[in-house]
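Notes follow once the structure below has been shown.
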Amino acid sequence: MADSHYLIVGLGNPGVKYELTRHNAGFLTVDDFADQHNCALNTEKWQGLYCSERINGQRVLLLKPQTFMNKSGESVIRFVDFYQIPLQHILVIYDDIDLPKGKIKVAAKGGAGGHNGIRSLIQHLGTSTFSRLKIGVGRPERDEQGRGIPVDRYVLANFTDEELALFNDRLALMHEATSLFLQQGVAQCMNMINGR
């Protein structure tokens with residue numbers, strides 16, 4: 001396991017229609033991380049787009065499952081099994097409606113929290129003990145009667161210009177979090193990132 005791969009997974013939905021939706025925060029983050037490391041995410045295998053690169057001294061696979069969100073685990077488990085990736089070497093990046101917009105949180109494990117992509121990963125990996133980098137997208141606003149856009153429509157709607165600017169502003173911190181995870185593991189990553 002000394003030189004086993006790390007797997008950085010960004011969750012989202014494939015296709016131009018979904019490109020700048022809140023639910024594609026994971027895709028956008030992994031795209032940015034790949035760009036920073038000159039790793040072209042354009043190789044197709046096992047229902048995923050991926051690239052492989054040595055980053056921060058580690059062998060790293062960057063992956064965007066192309067299965068649509070609720071079946072993300074189908075692609076991820078193929079990479080985990082084939083490359084024999086230990087659970088502690090997996091980091092999943094995704095949107096979280098329970099965090100305020102722009103808030104970044106690293107977690108070592110947890111439930112699905114209503115996120116279909118995470119639910120699929122837990123189902124296919126057979127455990128909820130894998131690291132997460134969550135990107136807050138907030139919840140839809142409600143009027144006095146409690147009415148508002150349903151959550152499923154909200155996450156599949158595009159970022160507003162203001163939200164996208166905030167997201168882009170937070171990319172540097174997400175890049176730092178991913179690098180810390182690769183260099184020092186999830187505990188140190190949580191200590192250094194959460195609360196910032």
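In the structure tokens, chains take letters A, B, ... by order of appearance, with residues numbered from 1 within each chain and ligands from 1 in the order shown.
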
Against segment 13-16 of chain A, which residues of segment 32-119 of chain A fall within 7 Å? For each one I want the closest pair of atoms and the distance in Å (one decimal), counting only C-alpha atoms, rows by chain and increasing residue number, as a tab-separated table.
residue	atom	partner	partner_atom	distance
A:Gln66	CA	A:Pro14	CA	5.5
A:Phe68	CA	A:Asn13	CA	4.7
A:Met69	CA	A:Asn13	CA	5.5

For the selection just defined, write its residues with C-alpha atoms to a file, as a CSV table (one decimal), in the first residue's frame.
chain,number,residue,atom,x,y,z
A,66,GLN,CA,-20.5,10.1,-16.2
A,68,PHE,CA,-25.5,10.8,-13.7
A,69,MET,CA,-25.4,11.7,-10.0

message: Need to verify the contact set: Gly111 of chain A, 12 Å, only C-alpha atoms, exclusion of same-chain residues closer than 3 positions in sequence. Can you return it as an NGL selection string?
response: :A and (107-108 or 114-123 or 127-132)

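Proximity ranking of A:Gln145, A:Gln36, A:Ser72, A:Thr178 relative to Leu7 of chain A places A:Thr178 first, based on only C-alpha atoms.
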
Please identify all polymer residues within 8 Å of Pro65 of chain A, counting only C-alpha atoms, omitting same-chain residues fewer than 3 positions from it, and present them as a short mmCIF file (atom, residue, chain, number, x, y, z; two decimals) with N, CA and C atoms, in the first residue's frame.
data_model
loop_
_atom_site.label_atom_id
_atom_site.label_comp_id
_atom_site.auth_asym_id
_atom_site.auth_seq_id
_atom_site.Cartn_x
_atom_site.Cartn_y
_atom_site.Cartn_z
N VAL A 9 -12.59 12.16 -6.42
CA VAL A 9 -13.82 12.06 -7.20
C VAL A 9 -14.61 13.37 -7.10
N GLY A 10 -14.95 13.94 -8.24
CA GLY A 10 -15.88 15.07 -8.26
C GLY A 10 -17.23 14.58 -8.71
N LEU A 11 -18.27 14.91 -7.96
CA LEU A 11 -19.62 14.46 -8.32
C LEU A 11 -20.35 15.52 -9.14
N GLY A 12 -21.17 15.05 -10.07
CA GLY A 12 -21.95 15.95 -10.91
C GLY A 12 -22.74 15.17 -11.93
N GLN A 47 -17.47 4.17 -17.33
CA GLN A 47 -18.48 5.21 -17.17
C GLN A 47 -17.94 6.43 -16.42
N GLY A 48 -16.68 6.73 -16.64
CA GLY A 48 -16.09 7.90 -16.01
C GLY A 48 -15.09 8.58 -16.92
N LEU A 49 -14.88 9.87 -16.71
CA LEU A 49 -13.79 10.61 -17.33
C LEU A 49 -12.72 10.75 -16.26
N PHE A 68 -24.54 9.98 -14.34
CA PHE A 68 -25.52 10.81 -13.65
C PHE A 68 -25.40 10.55 -12.15
N MET A 69 -25.75 11.59 -11.42
CA MET A 69 -25.45 11.66 -9.98
C MET A 69 -25.87 10.42 -9.19
N SER A 72 -23.47 7.35 -9.35
CA SER A 72 -22.03 7.64 -9.31
C SER A 72 -21.21 6.47 -8.79
N SER A 75 -19.50 3.79 -11.21
CA SER A 75 -18.21 4.11 -11.82
C SER A 75 -17.09 4.05 -10.78
N VAL A 76 -17.33 4.66 -9.63
CA VAL A 76 -16.29 4.76 -8.59
C VAL A 76 -15.81 3.38 -8.15
#

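The space separating atom CA of Lys71 of chain A from atom CA of Leu41 of chain A comes to 19.6 Å.
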
task: Return the single residue from A:His37, A:His124, A:Lys45, A:Lys105 that is closest to Glu74 of chain A, with distances computed using only C-alpha atoms.
output: A:His124

field: Surrounding residues of Thr21 of chain A excluding itself and chain neighbours under 6 positions, 6 Å, only C-alpha atoms, as number ranges by chain
entry: A: 156-159

- request: Mind the document's chain letters and residue numbers, and return as a ChimeraX atom specification the residues of segment 5-190 of chain A that DSSP labels helix (DSSP H, G or I).
  value: /A:16-18,22-36,69-83,87-89,116-125,151-155,161-184,186-190

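Closest approach to Lys101 of chain A among A:Asn38, A:Asn70, A:Asn168, A:Asn191 is made by A:Asn168 (distances from only C-alpha atoms).
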
- request: Quick one: everything within 12 Å of Ser179 of chain A, counting only C-alpha atoms, minus sequence neighbours fewer than 2 positions away in the same chain. Send it as a PyMOL selection string.
  value: chain A and resi 6+8+30+33-34+36-37+54-58+60+91+133+172-177+181-186+188-189+192-193

Just-selected residues, N, CA and C atoms written as a tab-separated table (two decimals), in the first residue's frame:
chain	number	residue	atom	x	y	z
A	6	TYR	N	-4.25	7.32	-4.97
A	6	TYR	CA	-5.31	8.13	-4.35
A	6	TYR	C	-6.37	8.35	-5.42
A	8	ILE	N	-9.45	10.99	-6.30
A	8	ILE	CA	-10.20	12.23	-6.05
A	8	ILE	C	-11.39	12.24	-6.98
A	30	VAL	N	-13.02	19.52	-9.45
A	30	VAL	CA	-12.04	18.56	-9.97
A	30	VAL	C	-11.46	19.05	-11.29
A	33	PHE	N	-8.82	21.54	-10.34
A	33	PHE	CA	-7.64	20.87	-9.76
A	33	PHE	C	-6.83	20.20	-10.87
A	34	ALA	N	-7.53	19.56	-11.82
A	34	ALA	CA	-6.86	18.90	-12.94
A	34	ALA	C	-6.10	19.93	-13.79
A	36	GLN	N	-4.89	22.77	-12.85
A	36	GLN	CA	-3.74	23.27	-12.09
A	36	GLN	C	-2.55	22.31	-12.19
A	37	HIS	N	-2.85	21.03	-12.43
A	37	HIS	CA	-1.79	20.02	-12.47
A	37	HIS	C	-1.57	19.45	-13.88
A	54	ARG	N	1.06	12.17	-11.17
A	54	ARG	CA	1.74	12.18	-9.86
A	54	ARG	C	1.64	13.61	-9.33
A	55	ILE	N	0.97	13.74	-8.19
A	55	ILE	CA	0.71	15.06	-7.59
A	55	ILE	C	1.17	15.02	-6.13
A	56	ASN	N	1.96	16.00	-5.75
A	56	ASN	CA	2.47	16.07	-4.37
A	56	ASN	C	3.11	14.74	-3.95
A	57	GLY	N	3.79	14.09	-4.90
A	57	GLY	CA	4.49	12.85	-4.59
A	57	GLY	C	3.62	11.61	-4.57
A	58	GLN	N	2.32	11.77	-4.83
A	58	GLN	CA	1.39	10.64	-4.79
A	58	GLN	C	0.89	10.30	-6.19
A	60	VAL	N	-2.12	9.79	-8.33
A	60	VAL	CA	-3.49	10.28	-8.13
A	60	VAL	C	-4.32	10.05	-9.38
A	91	LEU	N	-11.14	10.70	-1.73
A	91	LEU	CA	-11.73	11.99	-1.37
A	91	LEU	C	-12.82	12.30	-2.39
A	133	LEU	N	-15.07	16.37	0.74
A	133	LEU	CA	-14.85	17.81	0.68
A	133	LEU	C	-16.16	18.40	0.20
A	172	ALA	N	-9.51	28.25	-4.63
A	172	ALA	CA	-8.14	28.17	-4.10
A	172	ALA	C	-8.12	27.40	-2.78
A	173	LEU	N	-9.13	27.62	-1.93
A	173	LEU	CA	-9.19	26.90	-0.65
A	173	LEU	C	-9.48	25.42	-0.89
A	174	MET	N	-10.32	25.11	-1.87
A	174	MET	CA	-10.62	23.72	-2.18
A	174	MET	C	-9.40	23.02	-2.76
A	175	HIS	N	-8.64	23.75	-3.55
A	175	HIS	CA	-7.39	23.22	-4.09
A	175	HIS	C	-6.41	22.92	-2.94
A	176	GLU	N	-6.32	23.86	-2.00
A	176	GLU	CA	-5.45	23.67	-0.83
A	176	GLU	C	-5.90	22.45	-0.02
A	177	ALA	N	-7.21	22.30	0.15
A	177	ALA	CA	-7.75	21.16	0.92
A	177	ALA	C	-7.39	19.85	0.24
A	181	PHE	N	-5.00	16.91	1.77
A	181	PHE	CA	-5.47	15.53	1.89
A	181	PHE	C	-4.42	14.57	1.32
A	182	LEU	N	-3.88	14.91	0.16
A	182	LEU	CA	-2.88	14.05	-0.48
A	182	LEU	C	-1.57	14.00	0.31
A	183	GLN	N	-1.20	15.11	0.90
A	183	GLN	CA	0.10	15.19	1.58
A	183	GLN	C	0.04	14.69	3.02
A	184	GLN	N	-1.05	15.03	3.74
A	184	GLN	CA	-1.05	14.80	5.18
A	184	GLN	C	-2.25	14.03	5.70
A	185	GLY	N	-3.19	13.68	4.83
A	185	GLY	CA	-4.34	12.89	5.28
A	185	GLY	C	-5.50	13.75	5.73
A	186	VAL	N	-6.61	13.08	6.00
A	186	VAL	CA	-7.86	13.80	6.24
A	186	VAL	C	-7.89	14.53	7.59
A	188	GLN	N	-5.49	16.04	9.33
A	188	GLN	CA	-4.77	17.31	9.21
A	188	GLN	C	-5.52	18.27	8.28
A	189	CYS	N	-6.09	17.72	7.24
A	189	CYS	CA	-6.87	18.53	6.30
A	189	CYS	C	-8.05	19.18	7.01
A	192	MET	N	-6.86	22.05	9.26
A	192	MET	CA	-6.35	23.23	8.57
A	192	MET	C	-7.43	23.97	7.77
A	193	ILE	N	-8.48	23.26	7.34
A	193	ILE	CA	-9.45	23.84	6.41
A	193	ILE	C	-10.77	24.25	7.09

- prompt: What is the distance, in Å and to one decimal place, between atom CA of Asp152 of chain A and atom CA of Thr67 of chain A?
  reply: 17.5 Å

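In this comparison, which uses only C-alpha atoms, the residue of A:Arg196, A:Pro86, A:Leu20, A:Lys64 approaching Ala165 of chain A most closely is A:Leu20.
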
DSSP-assigned strand (DSSP E) among segment 22-61 of chain A, expressed as JSON, numbers by chain: {"A": [43, 44, 45, 48, 49, 50, 51, 52, 53, 54, 55, 58, 59, 60, 61]}

field: Of the listed residues A:Thr29, A:Gln84, A:Thr43, A:Ser4, that which approaches Phe167 of chain A most closely, counting only C-alpha atoms
entry: A:Thr29

- request: Using only C-alpha atoms, find the one residue out of A:Arg78, A:Arg139, A:Arg59, A:Arg170 that sits nearest to Arg22 of chain A.
  value: A:Arg139
